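Visitor: Just dropping this structure here.
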Amino acid sequence: MRNIFLGSLAMVLFASAAQACETAALGDLAIGDAWSRATIGATRPAVFYVAITNAGAQDDALTGITTPAAAMAMLHETVVKDGVASMPHAMRVQVPAGQTTELAPGGYHGMLMQLASALNEGDSFPVTLTFEKAGEVTVNVDVLSLRSEGPTCDDAS
Amino acid sequence: MVLWGAVVLAAAGSVFLYQRQPARQIETVEAFQPEFALTDADGNIRQSEEFRGRYQLVFFGFTNCPDVCPTTLSEVAQVMDDLGPDAAKVQPVFISIDPERDRQMGLDEFTAAFHPSIIGLAGDDVATRAAADSFKIFFEREEDPAAPDGYSMSHSPALYLIGPHGDWLRQYTYGTPASEILADLKSRL
Ligand SMILES: [Cu+2]
């Protein structure tokens with residue numbers, strides 16, 4: 001748990017004029033295109049999207065996320081079934097060998113609840129991802145405009 | 001007017017059980033005129049008749065929905081931007097299916113953050129259910145201890161197009177790109 005950081009979120013938020021969309025490596029996993037949408041205030045949940053490429057020969061799975069930006073962070077999956085959308089909790093997101101798995105609008109997403117403060121466009125904040133086999137890795141998440149529908153990387157994703 | 005299904009008010013008084021209607025069947029129903037009378041952020045009742053003469057893009061959702069709802073509202077916002085002068089012929093309407101919480105959190109600041117032309121409506125539970133019935137859409141409160149305030153909402157995520165005479169014209173299924181919605185609208189304007 002990272003509650004110790006909750007009171008000092010301002011210290012980890014910093015403006016980034018250019019979205020570098022840095023990629024983090026963890027064994028055979030490459031984690032990149034981490035982005036979120038600006039929020040209106042801090043009372044509504046925020047979202048977290050990311051792309052995970054598993055270049056190895058062994059399947060893995062994303063089992064959880066934590067961030068100092070939100071007291072409660074969970075993995076959700078948006079499911080549209082029979083014309084009805086819901087977003088149940090996802091216990092794990094499979095990260096199969098040789099594939100890129102995306103948390104993206106309309107599918108899996110990180111649900112960031114009880115925000116420490118509003119997320120503003122241009123901010124960035126860290127999210128730590130926990131994988132079943134590979135362990136933990138922390139990525140910086142770019143906060144994009146509320147109307148963004150995908151990551152915007154300077155080096156083209 | 002309830003055309004299908006049955007509403008059962010559960011003993012708790014807060015949970016509705018509702019028969020699900022597959023979206024595919026909605027595509028083939030005969031012409032009908034959805035109606036609503038719902039409160040806007042200023043407390044005024046807004047009725048479907050008031051929008052006659054313009055097309056309406058109607059979307060049901062809730063403002064605590066960080067994935068599905070911003071995607072659709074962003075597309076609506078993009079369509080309104082791209083319509084240019086024709087934007088005056090189209091009224092986007094966001095109907096809250098979680099009206100009490102959305103009123104508390106601020107409906108106007110939510111819709112305005114996407115586009116100033118979007119009208120946000122949040123009526124009482126009865127008026128909200130009546131509006132959903134009229135559009136033949138589904139929504140349901142789902143108790144979820146891990147969700148904010150202990151519940152989440154499931155709902156039909158499509159965008160509905162209402163014509164200038166109030167007729168239901170079509171739905172754009174969730175994920176329809178703004179460019180497709182724009183092209184379809186322009187062919188009608
Ligand atoms: Cu969610």
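In the structure tokens, each chain is lettered A, B, ... as it comes, each chain's residues begin at 1, and ligands are numbered from 1 in order of appearance.
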What are the residues of chain A that have an atom within 12 Å of an atom of chain B, counting only C-alpha atoms, as a VMD selection string?
Guide: chain A and resid 36 to 49 71 to 90 103 to 115 145 to 150
Visitor: Tell me which protein, DNA and RNA residues are within 10 Å of Lys133 in chain A, counting only C-alpha atoms, leaving out same-chain ones fewer than 3 positions away, and put them as a ChimeraX atom specification.
Guide: /A:27,58-63,130,136
Visitor: Please, could you write that set of residues out with C-alpha atoms as a tab-separated table (two decimals), in the first residue's frame?
Guide:
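File written: out.tsv
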chain	number	residue	atom	x	y	z
A	27	GLY	CA	11.83	-8.88	-18.02
A	58	GLN	CA	5.65	-17.45	-21.19
A	59	ASP	CA	2.15	-16.11	-20.60
A	60	ASP	CA	1.72	-13.66	-17.77
A	61	ALA	CA	-1.16	-11.71	-16.28
A	62	LEU	CA	-1.72	-8.24	-14.84
A	63	THR	CA	-3.26	-8.77	-11.42
A	130	THR	CA	1.71	-6.03	-10.56
A	136	GLU	CA	6.08	-5.06	-10.23
Visitor: Can you tell me, as a PyMOL selection string, which residues in chain A count as helix (DSSP H, G or I) by DSSP?
Guide: chain A and resi 3-12
Visitor: Given only C-alpha atoms and all ligand atoms as the basis, pick out the residue of B:Asn44, B:Glu180, B:Tyr151, B:Asp167 nearest to ligand 1.
Guide: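 Closest to ligand 1 of all the choices is B:Tyr151.
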Visitor: What is the CA of Phe131 in chain A to CA of Val93 in chain A distance in Å?
Guide: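 That distance, rounded to one decimal, is 9.3 Å.
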Visitor: Figure out the distance between CA of Gln94 in chain A and CA of Asp28 in chain A, please, to one decimal in Å.
Guide: 14.6 Å
Visitor: Quick one, how far is CA of Ile45 in chain B from CA of Ala127 in chain B?
Guide: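 These atoms are spaced 10.6 Å apart.
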Visitor: When DSSP works through the backbone of this structure, what residues of chain A end up as strand (DSSP E), shown as a ChimeraX atom specification?
Guide: /A:24-26,29-37,46-54,60-66,70-77,79-81,84-86,93-95,100-103,108-115,124-131,135-144
Visitor: Would you list the contacts of Leu38 in chain B as a list in words, taking every protein, DNA or RNA residue within 6 Å and counting only C-alpha atoms, but skipping same-chain residues closer than 3 positions in sequence?
Guide: Ile45, Arg46, Leu121 and Gly123 of chain B
Visitor: Restricting the calculation to only C-alpha atoms, which member of A:Pro68, A:Gly56, A:Gly32, A:Pro151 is positioned closest to Pro96 in chain A?
Guide: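 Of A:Pro68, A:Gly56, A:Gly32, A:Pro151, the one nearest Pro96 in chain A is A:Gly56, counting only C-alpha atoms.
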